[in-house]
Amino acid sequence: QPQLWHISLSLPLCPSGRLSMTNQKRRMEMLKKLADQLFAPLSGGQNKMLLSFMDSPPAPPWRMTSDADIGGHSKAALEWQQLGEGAEVPNFVRFHGQISNKLPVGVAHEFGFAATKSPPFKPHEDLLDFAGLELLIRGDGRTYMFNMEPDTYFNEDLYQHLMQPPQEWSQLMLPFDKFLLTAAGKFRDQQRPLDGGPVLKSIGLSVVDGEEGPFQLDIGYIKAIRSFQPLLDDLRKKQAKGKDRPTVW
């Protein structure tokens, strides 16, 4: 049986007892907004921009960590790049630095890592009914990890996805069902798949290939995707016309 919805709004009347033209317009705008919110999950809804660095820099404070915090020699930074008009992506954020596997004297732990983590989403991002993430990204040939901190009972839970973005601007797709659950740097024995999308507390990036040397990862935006099918259809059309930005899964 189809569900019937009834929405009632109260707005001030004119002296004549009727809604003014301004309030009629407001009423229609409010009804449309409410309908969009109510029916988005039922109709597939809209994609959701989580973070965009194409118009403004990342909101502070992004947390930076590396083995330098425990005596190592790796370095990492997050900076907003403004290349201006004419660039393929005029503005973006750059996660960069230098990885060193050099161990401090008397230390035998594994070194050579760097990571960054966003401020908490306020409120947390509810990605129920979303299929995954789309990133506008450019890599350097190295392997990175995309990290999602979920709002779960276990504080150490972290969902992670390996990625090796191309060295040109590309759309990178990260389906939620391909993320693996970890805790304190190790895979959990009991994997809990992301069923219908997580409630996100924060996101992060880390360098995980263990190779010494510089690293540089550029990101234009991070978007939650309801369904990958429209993107696939659009990709096929662009490929048929010979016009497309590389898309990586």
# chains A, B, ... in the order shown; residues from 1 in each chain; ligands from 1
>>> residues_around(residues="segment 173-177 of chain A", least_positions_apart="2", cutoff="10 Å", atoms="only C-alpha atoms", output="MDAnalysis selection string")
chainID A and resid 130:136 146 159:163 170:171 179:180 193:198 223:225 227:228 231 247:249
>>> residues_around(residues="Gln191 of chain A", least_positions_apart="3", cutoff="9 Å", atoms="only C-alpha atoms", output="number ranges by chain")
A: 180-182, 187-188
>>> atom_distance(atom1="atom CA of Ser100 of chain A", atom2="atom CA of Phe215 of chain A")
10.9 Å
>>> closest_residue(among="A:Arg138, A:Ser74, A:Ala115, A:Gln81", to="Gly213 of chain A", atoms="only C-alpha atoms")
A:Ser74
>>> residues_around(residues="segment 54-61 of chain A", least_positions_apart="2", cutoff="12 Å", atoms="only C-alpha atoms", output="JSON list (two decimals) with all heavy atoms, in the first residue's frame")
[["chain", "number", "residue", "atom", "x", "y", "z"],
["A", 49, "MET", "N", 27.86, 16.43, -0.65],
["A", 49, "MET", "CA", 29.23, 16.91, -0.60],
["A", 49, "MET", "C", 29.67, 16.93, 0.86],
["A", 49, "MET", "O", 29.12, 17.65, 1.69],
["A", 49, "MET", "CB", 29.34, 18.32, -1.20],
["A", 49, "MET", "CG", 30.76, 18.83, -1.27],
["A", 49, "MET", "SD", 31.81, 17.88, -2.41],
["A", 49, "MET", "CE", 31.16, 18.42, -4.00],
["A", 50, "LEU", "N", 30.68, 16.13, 1.19],
["A", 50, "LEU", "CA", 31.18, 16.09, 2.56],
["A", 50, "LEU", "C", 32.22, 17.18, 2.80],
["A", 50, "LEU", "O", 32.15, 17.91, 3.79],
["A", 50, "LEU", "CB", 31.78, 14.72, 2.86],
["A", 50, "LEU", "CG", 30.83, 13.52, 2.77],
["A", 50, "LEU", "CD1", 31.58, 12.22, 3.02],
["A", 50, "LEU", "CD2", 29.68, 13.67, 3.75],
["A", 51, "LEU", "N", 33.18, 17.27, 1.90],
["A", 51, "LEU", "CA", 34.23, 18.28, 2.01],
["A", 51, "LEU", "C", 34.61, 18.75, 0.61],
["A", 51, "LEU", "O", 34.86, 17.92, -0.28],
["A", 51, "LEU", "CB", 35.47, 17.72, 2.70],
["A", 51, "LEU", "CG", 35.34, 17.31, 4.17],
["A", 51, "LEU", "CD1", 36.56, 16.52, 4.61],
["A", 51, "LEU", "CD2", 35.16, 18.54, 5.05],
["A", 52, "SER", "N", 34.65, 20.05, 0.40],
["A", 52, "SER", "CA", 35.11, 20.61, -0.87],
["A", 52, "SER", "C", 36.19, 21.64, -0.59],
["A", 52, "SER", "O", 36.01, 22.52, 0.24],
["A", 52, "SER", "CB", 33.95, 21.26, -1.64],
["A", 52, "SER", "OG", 34.45, 21.86, -2.83],
["A", 63, "ARG", "N", 44.32, 17.28, 12.18],
["A", 63, "ARG", "CA", 45.38, 16.70, 13.02],
["A", 63, "ARG", "C", 46.42, 16.02, 12.15],
["A", 63, "ARG", "O", 46.09, 15.22, 11.28],
["A", 63, "ARG", "CB", 44.77, 15.69, 13.99],
["A", 63, "ARG", "CG", 45.78, 15.04, 14.93],
["A", 63, "ARG", "CD", 45.10, 14.01, 15.80],
["A", 63, "ARG", "NE", 46.06, 13.26, 16.58],
["A", 63, "ARG", "CZ", 45.78, 12.19, 17.29],
["A", 63, "ARG", "NH1", 44.53, 11.74, 17.33],
["A", 63, "ARG", "NH2", 46.72, 11.56, 17.99],
["A", 64, "MET", "N", 47.70, 16.34, 12.38],
["A", 64, "MET", "CA", 48.79, 15.73, 11.65],
["A", 64, "MET", "C", 49.56, 14.81, 12.59],
["A", 64, "MET", "O", 49.89, 15.19, 13.71],
["A", 64, "MET", "CB", 49.74, 16.80, 11.09],
["A", 64, "MET", "CG", 49.06, 17.89, 10.27],
["A", 64, "MET", "SD", 48.21, 17.26, 8.82],
["A", 64, "MET", "CE", 49.55, 16.45, 7.98],
["A", 78, "LEU", "N", 49.53, 19.62, 5.64],
["A", 78, "LEU", "CA", 48.32, 19.75, 4.82],
["A", 78, "LEU", "C", 48.18, 21.22, 4.47],
["A", 78, "LEU", "O", 48.08, 22.07, 5.36],
["A", 78, "LEU", "CB", 47.09, 19.26, 5.60],
["A", 78, "LEU", "CG", 45.80, 19.15, 4.79],
["A", 78, "LEU", "CD1", 45.81, 17.88, 3.95],
["A", 78, "LEU", "CD2", 44.59, 19.13, 5.72],
["A", 79, "GLU", "N", 48.16, 21.53, 3.17],
["A", 79, "GLU", "CA", 48.13, 22.92, 2.73],
["A", 79, "GLU", "C", 47.13, 23.12, 1.60],
["A", 79, "GLU", "O", 46.96, 22.22, 0.76],
["A", 79, "GLU", "CB", 49.52, 23.36, 2.26],
["A", 79, "GLU", "CG", 50.57, 23.35, 3.36],
["A", 79, "GLU", "CD", 51.96, 23.72, 2.86],
["A", 79, "GLU", "OE1", 52.23, 23.52, 1.66],
["A", 79, "GLU", "OE2", 52.76, 24.20, 3.67],
["A", 80, "TRP", "N", 46.49, 24.27, 1.60],
["A", 80, "TRP", "CA", 45.55, 24.62, 0.53],
["A", 80, "TRP", "C", 46.32, 25.24, -0.62],
["A", 80, "TRP", "O", 47.11, 26.17, -0.43],
["A", 80, "TRP", "CB", 44.50, 25.59, 1.06],
["A", 80, "TRP", "CG", 43.32, 25.78, 0.15],
["A", 80, "TRP", "CD1", 42.64, 24.81, -0.52],
["A", 80, "TRP", "CD2", 42.66, 27.01, -0.16],
["A", 80, "TRP", "NE1", 41.60, 25.35, -1.23],
["A", 80, "TRP", "CE2", 41.59, 26.70, -1.04],
["A", 80, "TRP", "CE3", 42.86, 28.33, 0.21],
["A", 80, "TRP", "CZ2", 40.73, 27.67, -1.53],
["A", 80, "TRP", "CZ3", 42.01, 29.31, -0.29],
["A", 80, "TRP", "CH2", 40.95, 28.98, -1.16],
["A", 81, "GLN", "N", 46.11, 24.72, -1.82],
["A", 81, "GLN", "CA", 46.79, 25.21, -3.01],
["A", 81, "GLN", "C", 45.83, 26.03, -3.86],
["A", 81, "GLN", "O", 44.71, 25.61, -4.14],
["A", 81, "GLN", "CB", 47.31, 24.02, -3.84],
["A", 81, "GLN", "CG", 48.21, 23.08, -3.06],
["A", 81, "GLN", "CD", 49.53, 23.69, -2.68],
["A", 81, "GLN", "OE1", 50.22, 24.28, -3.52],
["A", 81, "GLN", "NE2", 49.89, 23.57, -1.41],
["A", 82, "GLN", "N", 46.26, 27.21, -4.28],
["A", 82, "GLN", "CA", 45.48, 28.09, -5.13],
["A", 82, "GLN", "C", 46.28, 28.37, -6.41],
["A", 82, "GLN", "O", 47.21, 29.17, -6.40],
["A", 82, "GLN", "CB", 45.16, 29.40, -4.42],
["A", 82, "GLN", "CG", 44.29, 29.24, -3.17],
["A", 82, "GLN", "CD", 44.10, 30.55, -2.43],
["A", 82, "GLN", "OE1", 44.92, 30.94, -1.60],
["A", 82, "GLN", "NE2", 43.02, 31.25, -2.74],
["A", 83, "LEU", "N", 45.88, 27.70, -7.50],
["A", 83, "LEU", "CA", 46.60, 27.86, -8.76],
["A", 83, "LEU", "C", 45.96, 28.91, -9.65],
["A", 83, "LEU", "O", 46.58, 29.38, -10.60],
["A", 83, "LEU", "CB", 46.68, 26.52, -9.49],
["A", 83, "LEU", "CG", 47.36, 25.38, -8.73],
["A", 83, "LEU", "CD1", 47.52, 24.17, -9.63],
["A", 83, "LEU", "CD2", 48.71, 25.81, -8.15],
["A", 84, "GLY", "N", 44.68, 29.25, -9.39],
["A", 84, "GLY", "CA", 44.01, 30.29, -10.15],
["A", 84, "GLY", "C", 43.40, 29.80, -11.45],
["A", 84, "GLY", "O", 43.45, 28.62, -11.79],
["A", 85, "GLU", "N", 42.83, 30.75, -12.19],
["A", 85, "GLU", "CA", 42.16, 30.43, -13.44],
["A", 85, "GLU", "C", 43.13, 29.82, -14.45],
["A", 85, "GLU", "O", 44.29, 30.19, -14.51],
["A", 85, "GLU", "CB", 41.52, 31.70, -14.03],
["A", 85, "GLU", "CG", 40.39, 32.26, -13.18],
["A", 85, "GLU", "CD", 39.74, 33.46, -13.83],
["A", 85, "GLU", "OE1", 40.06, 33.74, -15.01],
["A", 85, "GLU", "OE2", 38.94, 34.14, -13.16],
["A", 87, "ALA", "N", 43.96, 26.65, -14.49],
["A", 87, "ALA", "CA", 44.37, 25.33, -14.00],
["A", 87, "ALA", "C", 43.18, 24.37, -14.11],
["A", 87, "ALA", "O", 42.03, 24.77, -14.01],
["A", 87, "ALA", "CB", 44.83, 25.42, -12.56],
["A", 88, "GLU", "N", 43.47, 23.09, -14.32],
["A", 88, "GLU", "CA", 42.40, 22.10, -14.44],
["A", 88, "GLU", "C", 41.56, 22.07, -13.17],
["A", 88, "GLU", "O", 40.33, 22.01, -13.22],
["A", 88, "GLU", "CB", 42.99, 20.72, -14.71],
["A", 88, "GLU", "CG", 41.93, 19.64, -14.90],
["A", 88, "GLU", "CD", 42.53, 18.28, -15.18],
["A", 88, "GLU", "OE1", 43.77, 18.18, -15.28],
["A", 88, "GLU", "OE2", 41.76, 17.30, -15.31],
["A", 89, "VAL", "N", 42.22, 22.11, -12.02],
["A", 89, "VAL", "CA", 41.54, 22.24, -10.72],
["A", 89, "VAL", "C", 42.20, 23.43, -10.03],
["A", 89, "VAL", "O", 43.31, 23.32, -9.50],
["A", 89, "VAL", "CB", 41.68, 20.96, -9.89],
["A", 89, "VAL", "CG1", 40.98, 21.13, -8.53],
["A", 89, "VAL", "CG2", 41.11, 19.76, -10.63],
["A", 90, "PRO", "N", 41.55, 24.60, -10.02],
["A", 90, "PRO", "CA", 42.19, 25.83, -9.53],
["A", 90, "PRO", "C", 42.58, 25.78, -8.05],
["A", 90, "PRO", "O", 43.62, 26.29, -7.67],
["A", 90, "PRO", "CB", 41.14, 26.91, -9.79],
["A", 90, "PRO", "CG", 40.25, 26.34, -10.85],
["A", 90, "PRO", "CD", 40.22, 24.87, -10.61],
["A", 91, "ASN", "N", 41.73, 25.16, -7.21],
["A", 91, "ASN", "CA", 41.97, 25.12, -5.77],
["A", 91, "ASN", "C", 41.81, 23.69, -5.25],
["A", 91, "ASN", "O", 40.88, 22.99, -5.65],
["A", 91, "ASN", "CB", 41.00, 26.04, -5.02],
["A", 91, "ASN", "CG", 41.02, 27.46, -5.54],
["A", 91, "ASN", "OD1", 42.08, 28.01, -5.82],
["A", 91, "ASN", "ND2", 39.85, 28.05, -5.68],
["A", 92, "PHE", "N", 42.69, 23.30, -4.36],
["A", 92, "PHE", "CA", 42.60, 21.96, -3.79],
["A", 92, "PHE", "C", 43.48, 21.91, -2.55],
["A", 92, "PHE", "O", 44.24, 22.84, -2.25],
["A", 92, "PHE", "CB", 43.06, 20.90, -4.81],
["A", 92, "PHE", "CG", 44.44, 21.13, -5.38],
["A", 92, "PHE", "CD1", 45.57, 20.62, -4.78],
["A", 92, "PHE", "CD2", 44.60, 21.90, -6.55],
["A", 92, "PHE", "CE1", 46.84, 20.85, -5.30],
["A", 92, "PHE", "CE2", 45.85, 22.14, -7.09],
["A", 92, "PHE", "CZ", 46.98, 21.61, -6.46],
["A", 93, "VAL", "N", 43.37, 20.81, -1.81],
["A", 93, "VAL", "CA", 44.20, 20.62, -0.62],
["A", 93, "VAL", "C", 45.29, 19.61, -0.94],
["A", 93, "VAL", "O", 45.05, 18.64, -1.68],
["A", 93, "VAL", "CB", 43.35, 20.18, 0.60],
["A", 93, "VAL", "CG1", 42.89, 18.73, 0.46],
["A", 93, "VAL", "CG2", 44.12, 20.36, 1.89],
["A", 94, "ARG", "N", 46.48, 19.84, -0.39],
["A", 94, "ARG", "CA", 47.63, 18.96, -0.65],
["A", 94, "ARG", "C", 48.15, 18.37, 0.66],
["A", 94, "ARG", "O", 48.54, 19.12, 1.57],
["A", 94, "ARG", "CB", 48.74, 19.72, -1.37],
["A", 94, "ARG", "CG", 50.04, 18.94, -1.54],
["A", 94, "ARG", "CD", 50.97, 19.64, -2.51],
["A", 94, "ARG", "NE", 50.47, 19.55, -3.89],
["A", 94, "ARG", "CZ", 50.97, 20.24, -4.90],
["A", 94, "ARG", "NH1", 51.97, 21.10, -4.70],
["A", 94, "ARG", "NH2", 50.46, 20.11, -6.12],
["A", 95, "PHE", "N", 48.14, 17.04, 0.73],
["A", 95, "PHE", "CA", 48.75, 16.30, 1.84],
["A", 95, "PHE", "C", 50.12, 15.86, 1.36],
["A", 95, "PHE", "O", 50.24, 15.09, 0.40],
["A", 95, "PHE", "CB", 47.87, 15.10, 2.18],
["A", 95, "PHE", "CG", 48.42, 14.18, 3.24],
["A", 95, "PHE", "CD1", 48.95, 14.67, 4.42],
["A", 95, "PHE", "CD2", 48.41, 12.79, 3.04],
["A", 95, "PHE", "CE1", 49.46, 13.82, 5.39],
["A", 95, "PHE", "CE2", 48.90, 11.93, 4.00],
["A", 95, "PHE", "CZ", 49.43, 12.45, 5.19],
["A", 116, "THR", "N", 46.93, 12.21, 8.38],
["A", 116, "THR", "CA", 46.18, 13.41, 8.74],
["A", 116, "THR", "C", 44.73, 13.03, 8.98],
["A", 116, "THR", "O", 44.23, 12.06, 8.39],
["A", 116, "THR", "CB", 46.28, 14.51, 7.66],
["A", 116, "THR", "OG1", 45.61, 15.69, 8.11],
["A", 116, "THR", "CG2", 45.65, 14.05, 6.35],
["A", 117, "LYS", "N", 44.06, 13.79, 9.84],
["A", 117, "LYS", "CA", 42.68, 13.48, 10.22],
["A", 117, "LYS", "C", 41.88, 14.78, 10.29],
["A", 117, "LYS", "O", 42.36, 15.78, 10.83],
["A", 117, "LYS", "CB", 42.66, 12.76, 11.58],
["A", 117, "LYS", "CG", 41.29, 12.41, 12.10],
["A", 117, "LYS", "CD", 41.42, 11.74, 13.46],
["A", 117, "LYS", "CE", 40.07, 11.46, 14.10],
["A", 117, "LYS", "NZ", 40.21, 10.84, 15.44],
["A", 118, "SER", "N", 40.67, 14.75, 9.74],
["A", 118, "SER", "CA", 39.83, 15.95, 9.72],
["A", 118, "SER", "C", 39.29, 16.26, 11.11],
["A", 118, "SER", "O", 39.25, 15.38, 11.99],
["A", 118, "SER", "CB", 38.66, 15.76, 8.75],
["A", 118, "SER", "OG", 37.69, 14.89, 9.33],
["A", 119, "PRO", "N", 38.82, 17.49, 11.33],
["A", 119, "PRO", "CA", 38.07, 17.78, 12.54],
["A", 119, "PRO", "C", 36.79, 16.95, 12.55],
["A", 119, "PRO", "O", 36.32, 16.51, 11.49],
["A", 119, "PRO", "CB", 37.76, 19.28, 12.43],
["A", 119, "PRO", "CG", 38.63, 19.79, 11.35],
["A", 119, "PRO", "CD", 38.93, 18.65, 10.44],
["A", 120, "PRO", "N", 36.18, 16.73, 13.72],
["A", 120, "PRO", "CA", 34.92, 15.97, 13.76],
["A", 120, "PRO", "C", 33.82, 16.68, 12.98],
["A", 120, "PRO", "O", 33.73, 17.91, 12.99],
["A", 120, "PRO", "CB", 34.58, 15.92, 15.25],
["A", 120, "PRO", "CG", 35.86, 16.21, 15.96],
["A", 120, "PRO", "CD", 36.63, 17.12, 15.06],
["A", 121, "PHE", "N", 33.00, 15.91, 12.26],
["A", 121, "PHE", "CA", 31.82, 16.46, 11.63],
["A", 121, "PHE", "C", 30.81, 16.81, 12.72],
["A", 121, "PHE", "O", 30.55, 15.99, 13.62],
["A", 121, "PHE", "CB", 31.19, 15.46, 10.66],
["A", 121, "PHE", "CG", 32.01, 15.18, 9.44],
["A", 121, "PHE", "CD1", 32.60, 13.94, 9.24],
["A", 121, "PHE", "CD2", 32.21, 16.17, 8.48],
["A", 121, "PHE", "CE1", 33.35, 13.68, 8.11],
["A", 121, "PHE", "CE2", 32.96, 15.92, 7.35],
["A", 121, "PHE", "CZ", 33.54, 14.68, 7.16],
["A", 136, "LEU", "N", 37.71, 13.60, -5.95],
["A", 136, "LEU", "CA", 38.47, 14.22, -7.03],
["A", 136, "LEU", "C", 39.90, 14.29, -6.52],
["A", 136, "LEU", "O", 40.18, 15.01, -5.55],
["A", 136, "LEU", "CB", 37.93, 15.61, -7.36],
["A", 136, "LEU", "CG", 38.67, 16.35, -8.48],
["A", 136, "LEU", "CD1", 38.63, 15.58, -9.78],
["A", 136, "LEU", "CD2", 38.11, 17.75, -8.67],
["A", 137, "ILE", "N", 40.81, 13.53, -7.15],
["A", 137, "ILE", "CA", 42.09, 13.28, -6.50],
["A", 137, "ILE", "C", 43.21, 13.16, -7.54],
["A", 137, "ILE", "O", 42.97, 12.82, -8.70],
["A", 137, "ILE", "CB", 41.97, 11.97, -5.67],
["A", 137, "ILE", "CG1", 43.12, 11.82, -4.68],
["A", 137, "ILE", "CG2", 41.85, 10.76, -6.58],
["A", 137, "ILE", "CD1", 42.88, 10.72, -3.65],
["A", 218, "ASP", "N", 46.86, 15.16, -3.74],
["A", 218, "ASP", "CA", 46.00, 16.33, -3.91],
["A", 218, "ASP", "C", 44.53, 15.90, -3.97],
["A", 218, "ASP", "O", 44.20, 14.93, -4.65],
["A", 218, "ASP", "CB", 46.35, 17.06, -5.21],
["A", 218, "ASP", "CG", 47.79, 17.57, -5.22],
["A", 218, "ASP", "OD1", 48.33, 17.81, -4.12],
["A", 218, "ASP", "OD2", 48.36, 17.72, -6.32],
["A", 219, "ILE", "N", 43.67, 16.66, -3.27],
["A", 219, "ILE", "CA", 42.24, 16.34, -3.25],
["A", 219, "ILE", "C", 41.43, 17.62, -3.48],
["A", 219, "ILE", "O", 41.65, 18.64, -2.83],
["A", 219, "ILE", "CB", 41.83, 15.69, -1.91],
["A", 219, "ILE", "CG1", 42.55, 14.36, -1.73],
["A", 219, "ILE", "CG2", 40.31, 15.48, -1.84],
["A", 219, "ILE", "CD1", 42.20, 13.64, -0.45],
["A", 220, "GLY", "N", 40.48, 17.51, -4.44],
["A", 220, "GLY", "CA", 39.59, 18.64, -4.71],
["A", 220, "GLY", "C", 38.32, 18.58, -3.88],
["A", 220, "GLY", "O", 37.87, 19.58, -3.35],
["A", 221, "TYR", "N", 37.74, 17.37, -3.77],
["A", 221, "TYR", "CA", 36.53, 17.22, -2.95],
["A", 221, "TYR", "C", 36.36, 15.76, -2.54],
["A", 221, "TYR", "O", 36.98, 14.85, -3.10],
["A", 221, "TYR", "CB", 35.28, 17.72, -3.68],
["A", 221, "TYR", "CG", 34.92, 16.97, -4.95],
["A", 221, "TYR", "CD1", 34.43, 15.65, -4.93],
["A", 221, "TYR", "CD2", 35.06, 17.57, -6.21],
["A", 221, "TYR", "CE1", 34.09, 14.97, -6.09],
["A", 221, "TYR", "CE2", 34.73, 16.89, -7.38],
["A", 221, "TYR", "CZ", 34.25, 15.60, -7.31],
["A", 221, "TYR", "OH", 33.92, 14.91, -8.46],
["A", 222, "ILE", "N", 35.50, 15.56, -1.55],
["A", 222, "ILE", "CA", 35.09, 14.23, -1.08],
["A", 222, "ILE", "C", 33.57, 14.25, -1.00],
["A", 222, "ILE", "O", 32.99, 15.06, -0.29],
["A", 222, "ILE", "CB", 35.69, 13.89, 0.28],
["A", 222, "ILE", "CG1", 37.22, 13.95, 0.22],
["A", 222, "ILE", "CG2", 35.22, 12.51, 0.76],
["A", 222, "ILE", "CD1", 37.90, 13.87, 1.57]]
>>> closest_residue(among="A:Leu172, A:Ala183, A:Leu127, A:Val199", to="Pro150 of chain A", atoms="only C-alpha atoms")
A:Val199
>>> atom_distance(atom1="atom CA of Tyr144 of chain A", atom2="atom CA of Leu205 of chain A")
7.0 Å
>>> atom_distance(atom1="atom CA of Asn147 of chain A", atom2="atom CA of Ile203 of chain A")
5.5 Å
>>> select_by_dssp(residues="segment 78-246 of chain A", states="strand (DSSP E or B)", output="count of residues only")
75
>>> closest_residue(among="A:Leu232, A:Ala76, A:Val208, A:Ala68", to="Gly185 of chain A", atoms="only C-alpha atoms")
A:Val208
